[in-house]
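Student: Below is the structure I would like to discuss, written out as structure tokens.
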Amino acid sequence: MVLQVNPIQKEPTVTWEALPADFILPDDPVENIQQPALAAALTDALGSTGRIQPQMLIGSNFGLVATVNKKIVVKAPDWFYVPQVQSVGTNVVRRSYTPNLEGAATAVVMEFLSDTEGGELSVRSTPPYGKLYYYEKILQVPTYVTYDPYEPSIELRRLQNNGQYTLQQADTNGRYWIPELELFLGIWQGERLCQTMNWLRWWDTEGNLLLWSSEQAQQERQRAEQERQRADILAAKLRELGIDPDA
């Protein structure tokens with residue numbers, strides 16, 4: 001009888017090193033047409049309500065870099081948020097982001113699940129690392145969100161003191177609190193840019209939906225039209241009284 005002993009899994013050695021200038025970043029194709037639209041809508045609502053500051057970094061399909069056991073590892077989440085980064089200058093294009101070297105740690109990461117296994121929930125601890133493992137153990141992202149547009153459903157994981165993610169429960173409205181942004185995240189069905197589908201959207205602490213820029217513009221048009229109508233009614237009443245409103 002041979003006694004088999006499972007090898008002890010060593011903790012990865014993670015360092016934060018500058019990406020070589022000649023490093024070729026992965027250029028994986030987007031898996032479906034909804035992914036860029038979902039990411040853009042999330043960012044648009046933050047920008048249109050004045051919640052994006054110059055020191056922040058918000059992106060999608062953009063490489064987050066770590067050096068693991070002396071090898072460069074890059075994952076490009078569908079959407080992410082970093083509260084504060086160092087400026088790269090006006091004439092420099094940021095190619096990627098290395099947490100703890102170029103600024104703060106990544107605070108929120110989102111992945112939109114594909115109809116094929118894309119590793120969003122993979123805990124593979126050897127190269128190529130699973131995304132869940134990478135965000136939990138390597139980058140140690142406090143909030144990891146996965147969204148399944150085919151259900152649709154959200155899963156939100158919070159990093160605990162033991163270094164492991166735990167699933168969080170939605171509130172009574174089916175929304176999830178994200179403390180790093182001080183906003184709720186939920187699912188909303190409707191149209192944006194001629195696409196009718198289930199969108200990820202933000203709500204504030206009072207339960208107000210954060211509007212997209214297009215919705216804000218529509219509200220402004222409606223408000224202007226209402227003001228014009230009120231002005232027309234007032235002018236008509238003045239004329240009935242023999243008063244010229246244009247005088």
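Quick note on naming: the chains in the structure tokens go A, B, ... in the order shown, residues restart at 1 in each chain, and ligands are numbered from 1 in order of appearance.
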Skipping near chain neighbours, those fewer than 5 positions away, what residues fall within 12 Å of A:Gln160 using only C-alpha atoms, listed as an mmCIF file with C-alpha atoms, in the first residue's frame?

Tutor:
```cif
data_model
loop_
_atom_site.group_PDB
_atom_site.id
_atom_site.type_symbol
_atom_site.label_atom_id
_atom_site.label_comp_id
_atom_site.auth_asym_id
_atom_site.auth_seq_id
_atom_site.Cartn_x
_atom_site.Cartn_y
_atom_site.Cartn_z
ATOM 1 C CA GLU A 136 -9.051 37.090 -4.412
ATOM 2 C CA LYS A 137 -5.520 35.899 -3.727
ATOM 3 C CA GLN A 140 -7.004 40.995 -3.140
ATOM 4 C CA VAL A 141 -9.835 43.091 -4.565
ATOM 5 C CA PRO A 142 -12.322 43.927 -1.773
ATOM 6 C CA THR A 143 -15.434 43.632 -3.964
ATOM 7 C CA TYR A 144 -15.790 41.182 -6.850
ATOM 8 C CA TYR A 165 -14.420 35.829 -0.585
ATOM 9 C CA THR A 166 -17.895 35.337 0.814
ATOM 10 C CA LEU A 167 -21.100 35.804 -1.135
ATOM 11 C CA GLN A 168 -23.257 38.734 -0.047
#
```

Student: Once DSSP has gone over the backbone, tell me which residues of stretch 52-247 of chain A are in alpha helix (DSSP H), as number ranges by chain.

Tutor: A: 131-133, 213-240

Student: I need the chosen residues saved as a PDB file, in the first residue's frame, with N, CA and C atoms.

Tutor:
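Done, and the output landed in part14.pdb:
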```pdb
ATOM      1  N   LYS A 131      -9.747  33.623 -12.794  1.00  0.00           N
ATOM      2  CA  LYS A 131     -10.000  35.031 -12.467  1.00  0.00           C
ATOM      3  C   LYS A 131     -10.390  35.218 -11.010  1.00  0.00           C
ATOM      4  N   LEU A 132     -11.250  34.337 -10.480  1.00  0.00           N
ATOM      5  CA  LEU A 132     -11.636  34.487  -9.093  1.00  0.00           C
ATOM      6  C   LEU A 132     -10.410  34.358  -8.190  1.00  0.00           C
ATOM      7  N   TYR A 133      -9.548  33.407  -8.475  1.00  0.00           N
ATOM      8  CA  TYR A 133      -8.318  33.244  -7.693  1.00  0.00           C
ATOM      9  C   TYR A 133      -7.436  34.480  -7.804  1.00  0.00           C
ATOM     10  N   SER A 213     -26.322  59.940 -18.985  1.00  0.00           N
ATOM     11  CA  SER A 213     -26.264  61.276 -19.575  1.00  0.00           C
ATOM     12  C   SER A 213     -27.417  61.496 -20.555  1.00  0.00           C
ATOM     13  N   SER A 214     -27.795  60.455 -21.293  1.00  0.00           N
ATOM     14  CA  SER A 214     -28.906  60.594 -22.239  1.00  0.00           C
ATOM     15  C   SER A 214     -30.218  60.830 -21.505  1.00  0.00           C
ATOM     16  N   GLU A 215     -30.397  60.192 -20.355  1.00  0.00           N
ATOM     17  CA  GLU A 215     -31.611  60.400 -19.570  1.00  0.00           C
ATOM     18  C   GLU A 215     -31.641  61.799 -18.975  1.00  0.00           C
ATOM     19  N   GLN A 216     -30.475  62.279 -18.519  1.00  0.00           N
ATOM     20  CA  GLN A 216     -30.411  63.635 -18.006  1.00  0.00           C
ATOM     21  C   GLN A 216     -30.747  64.659 -19.093  1.00  0.00           C
ATOM     22  N   ALA A 217     -30.226  64.420 -20.290  1.00  0.00           N
ATOM     23  CA  ALA A 217     -30.519  65.328 -21.405  1.00  0.00           C
ATOM     24  C   ALA A 217     -32.006  65.316 -21.737  1.00  0.00           C
ATOM     25  N   GLN A 218     -32.619  64.138 -21.688  1.00  0.00           N
ATOM     26  CA  GLN A 218     -34.061  64.041 -21.955  1.00  0.00           C
ATOM     27  C   GLN A 218     -34.854  64.780 -20.888  1.00  0.00           C
ATOM     28  N   GLN A 219     -34.434  64.663 -19.636  1.00  0.00           N
ATOM     29  CA  GLN A 219     -35.102  65.385 -18.560  1.00  0.00           C
ATOM     30  C   GLN A 219     -35.009  66.896 -18.761  1.00  0.00           C
ATOM     31  N   GLU A 220     -33.833  67.354 -19.185  1.00  0.00           N
ATOM     32  CA  GLU A 220     -33.644  68.779 -19.429  1.00  0.00           C
ATOM     33  C   GLU A 220     -34.543  69.263 -20.566  1.00  0.00           C
ATOM     34  N   ARG A 221     -34.669  68.455 -21.610  1.00  0.00           N
ATOM     35  CA  ARG A 221     -35.561  68.825 -22.721  1.00  0.00           C
ATOM     36  C   ARG A 221     -37.012  68.900 -22.253  1.00  0.00           C
ATOM     37  N   GLN A 222     -37.421  67.918 -21.439  1.00  0.00           N
ATOM     38  CA  GLN A 222     -38.791  67.921 -20.933  1.00  0.00           C
ATOM     39  C   GLN A 222     -39.035  69.119 -20.025  1.00  0.00           C
ATOM     40  N   ARG A 223     -38.045  69.439 -19.191  1.00  0.00           N
ATOM     41  CA  ARG A 223     -38.175  70.580 -18.292  1.00  0.00           C
ATOM     42  C   ARG A 223     -38.276  71.892 -19.081  1.00  0.00           C
ATOM     43  N   ALA A 224     -37.459  72.003 -20.124  1.00  0.00           N
ATOM     44  CA  ALA A 224     -37.496  73.215 -20.959  1.00  0.00           C
ATOM     45  C   ALA A 224     -38.837  73.343 -21.673  1.00  0.00           C
ATOM     46  N   GLU A 225     -39.371  72.212 -22.131  1.00  0.00           N
ATOM     47  CA  GLU A 225     -40.674  72.227 -22.806  1.00  0.00           C
ATOM     48  C   GLU A 225     -41.781  72.624 -21.843  1.00  0.00           C
ATOM     49  N   GLN A 226     -41.720  72.118 -20.623  1.00  0.00           N
ATOM     50  CA  GLN A 226     -42.728  72.486 -19.626  1.00  0.00           C
ATOM     51  C   GLN A 226     -42.661  73.974 -19.295  1.00  0.00           C
ATOM     52  N   GLU A 227     -41.443  74.497 -19.183  1.00  0.00           N
ATOM     53  CA  GLU A 227     -41.280  75.928 -18.912  1.00  0.00           C
ATOM     54  C   GLU A 227     -41.834  76.763 -20.064  1.00  0.00           C
ATOM     55  N   ARG A 228     -41.598  76.310 -21.294  1.00  0.00           N
ATOM     56  CA  ARG A 228     -42.122  77.042 -22.454  1.00  0.00           C
ATOM     57  C   ARG A 228     -43.640  77.027 -22.464  1.00  0.00           C
ATOM     58  N   GLN A 229     -44.218  75.862 -22.139  1.00  0.00           N
ATOM     59  CA  GLN A 229     -45.676  75.767 -22.112  1.00  0.00           C
ATOM     60  C   GLN A 229     -46.274  76.680 -21.033  1.00  0.00           C
ATOM     61  N   ARG A 230     -45.628  76.718 -19.849  1.00  0.00           N
ATOM     62  CA  ARG A 230     -46.117  77.599 -18.789  1.00  0.00           C
ATOM     63  C   ARG A 230     -46.015  79.064 -19.205  1.00  0.00           C
ATOM     64  N   ALA A 231     -44.914  79.397 -19.886  1.00  0.00           N
ATOM     65  CA  ALA A 231     -44.743  80.775 -20.358  1.00  0.00           C
ATOM     66  C   ALA A 231     -45.802  81.132 -21.391  1.00  0.00           C
ATOM     67  N   ASP A 232     -46.142  80.188 -22.282  1.00  0.00           N
ATOM     68  CA  ASP A 232     -47.168  80.437 -23.297  1.00  0.00           C
ATOM     69  C   ASP A 232     -48.543  80.651 -22.648  1.00  0.00           C
ATOM     70  N   ILE A 233     -48.839  79.836 -21.612  1.00  0.00           N
ATOM     71  CA  ILE A 233     -50.135  79.969 -20.919  1.00  0.00           C
ATOM     72  C   ILE A 233     -50.227  81.320 -20.219  1.00  0.00           C
ATOM     73  N   LEU A 234     -49.131  81.714 -19.555  1.00  0.00           N
ATOM     74  CA  LEU A 234     -49.110  83.002 -18.864  1.00  0.00           C
ATOM     75  C   LEU A 234     -49.267  84.155 -19.854  1.00  0.00           C
ATOM     76  N   ALA A 235     -48.568  84.055 -20.987  1.00  0.00           N
ATOM     77  CA  ALA A 235     -48.677  85.111 -21.992  1.00  0.00           C
ATOM     78  C   ALA A 235     -50.093  85.214 -22.529  1.00  0.00           C
ATOM     79  N   ALA A 236     -50.748  84.076 -22.728  1.00  0.00           N
ATOM     80  CA  ALA A 236     -52.123  84.088 -23.226  1.00  0.00           C
ATOM     81  C   ALA A 236     -53.063  84.754 -22.229  1.00  0.00           C
ATOM     82  N   LYS A 237     -52.869  84.483 -20.940  1.00  0.00           N
ATOM     83  CA  LYS A 237     -53.713  85.098 -19.912  1.00  0.00           C
ATOM     84  C   LYS A 237     -53.499  86.607 -19.850  1.00  0.00           C
ATOM     85  N   LEU A 238     -52.246  87.030 -20.001  1.00  0.00           N
ATOM     86  CA  LEU A 238     -51.959  88.463 -19.995  1.00  0.00           C
ATOM     87  C   LEU A 238     -52.633  89.158 -21.174  1.00  0.00           C
ATOM     88  N   ARG A 239     -52.615  88.517 -22.323  1.00  0.00           N
ATOM     89  CA  ARG A 239     -53.261  89.113 -23.504  1.00  0.00           C
ATOM     90  C   ARG A 239     -54.764  89.229 -23.284  1.00  0.00           C
ATOM     91  N   GLU A 240     -55.370  88.230 -22.613  1.00  0.00           N
ATOM     92  CA  GLU A 240     -56.797  88.292 -22.318  1.00  0.00           C
ATOM     93  C   GLU A 240     -57.117  89.497 -21.450  1.00  0.00           C
TER      94      GLU A 240
END
```

Student: If you take only C-alpha atoms and a cut-off of 12 Å, which residues of stretch 180-237 of chain A touch stretch 50-65 of chain A, and what are their nearest atom pairs and distances in Å to one decimal, in chain and number order, as a Markdown table?

Tutor:
```
| residue | atom | partner | partner_atom | distance |
| --- | --- | --- | --- | --- |
| A:Leu181 | CA | A:Arg51 | CA | 8.9 |
| A:Glu182 | CA | A:Arg51 | CA | 10.5 |
| A:Leu183 | CA | A:Arg51 | CA | 10.6 |
| A:Trp202 | CA | A:Arg51 | CA | 11.5 |
| A:Asp204 | CA | A:Arg51 | CA | 11.3 |
| A:Leu210 | CA | A:Arg51 | CA | 10.2 |
| A:Leu211 | CA | A:Gly50 | CA | 11.0 |
| A:Trp212 | CA | A:Gly50 | CA | 11.3 |
| A:Ser213 | CA | A:Gly50 | CA | 10.8 |
```

Student: Take the residues that were just selected and, keeping N, CA and C atoms, output them as a short mmCIF file (atom, residue, chain, number, x, y, z; two decimals), in the first residue's frame.

Tutor:
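Once written, again_2.cif looks like this:
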```cif
data_model
loop_
_atom_site.label_atom_id
_atom_site.label_comp_id
_atom_site.auth_asym_id
_atom_site.auth_seq_id
_atom_site.Cartn_x
_atom_site.Cartn_y
_atom_site.Cartn_z
N LEU A 181 -17.87 52.51 -3.39
CA LEU A 181 -18.50 53.55 -4.20
C LEU A 181 -19.67 54.21 -3.48
N GLU A 182 -20.05 53.64 -2.32
CA GLU A 182 -21.20 54.12 -1.56
C GLU A 182 -22.45 54.17 -2.44
N LEU A 183 -22.64 53.10 -3.17
CA LEU A 183 -23.78 52.97 -4.08
C LEU A 183 -24.31 51.54 -4.05
N TRP A 202 -26.80 51.84 -11.05
CA TRP A 202 -26.49 52.30 -9.70
C TRP A 202 -27.69 53.00 -9.08
N ASP A 204 -28.43 55.39 -5.34
CA ASP A 204 -27.78 55.99 -4.18
C ASP A 204 -28.44 55.51 -2.89
N LEU A 210 -29.29 56.48 -10.49
CA LEU A 210 -28.34 57.39 -11.12
C LEU A 210 -28.60 57.39 -12.62
N LEU A 211 -28.90 58.55 -13.15
CA LEU A 211 -29.30 58.65 -14.55
C LEU A 211 -28.10 58.63 -15.48
N TRP A 212 -28.31 58.05 -16.65
CA TRP A 212 -27.32 58.14 -17.72
C TRP A 212 -27.35 59.57 -18.28
N SER A 213 -26.32 59.94 -18.99
CA SER A 213 -26.26 61.28 -19.58
C SER A 213 -27.42 61.50 -20.55
#
```

Student: By how many Å are atom CA of A:Glu180 and atom CA of A:Thr90 apart?

Tutor: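 Between these atoms lies a distance of 27.2 Å.
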
Student: Output as a ChimeraX atom specification all residues of stretch 4-245 of chain A that backbone DSSP marks as strand (DSSP E or B).

Tutor: /A:14-15,57-59,64-68,71-75,79-82,85,97,103,108-112,143-148,153-159,165-167,176-178,183-192,195-203,209

Student: Looking at A:Glu191, A:Glu111, A:Asp78, A:Asp22, which one is nearest to A:Leu156, with distances taken over only C-alpha atoms?

Tutor: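 The shortest atom-to-atom distance to A:Leu156 comes from A:Glu111.
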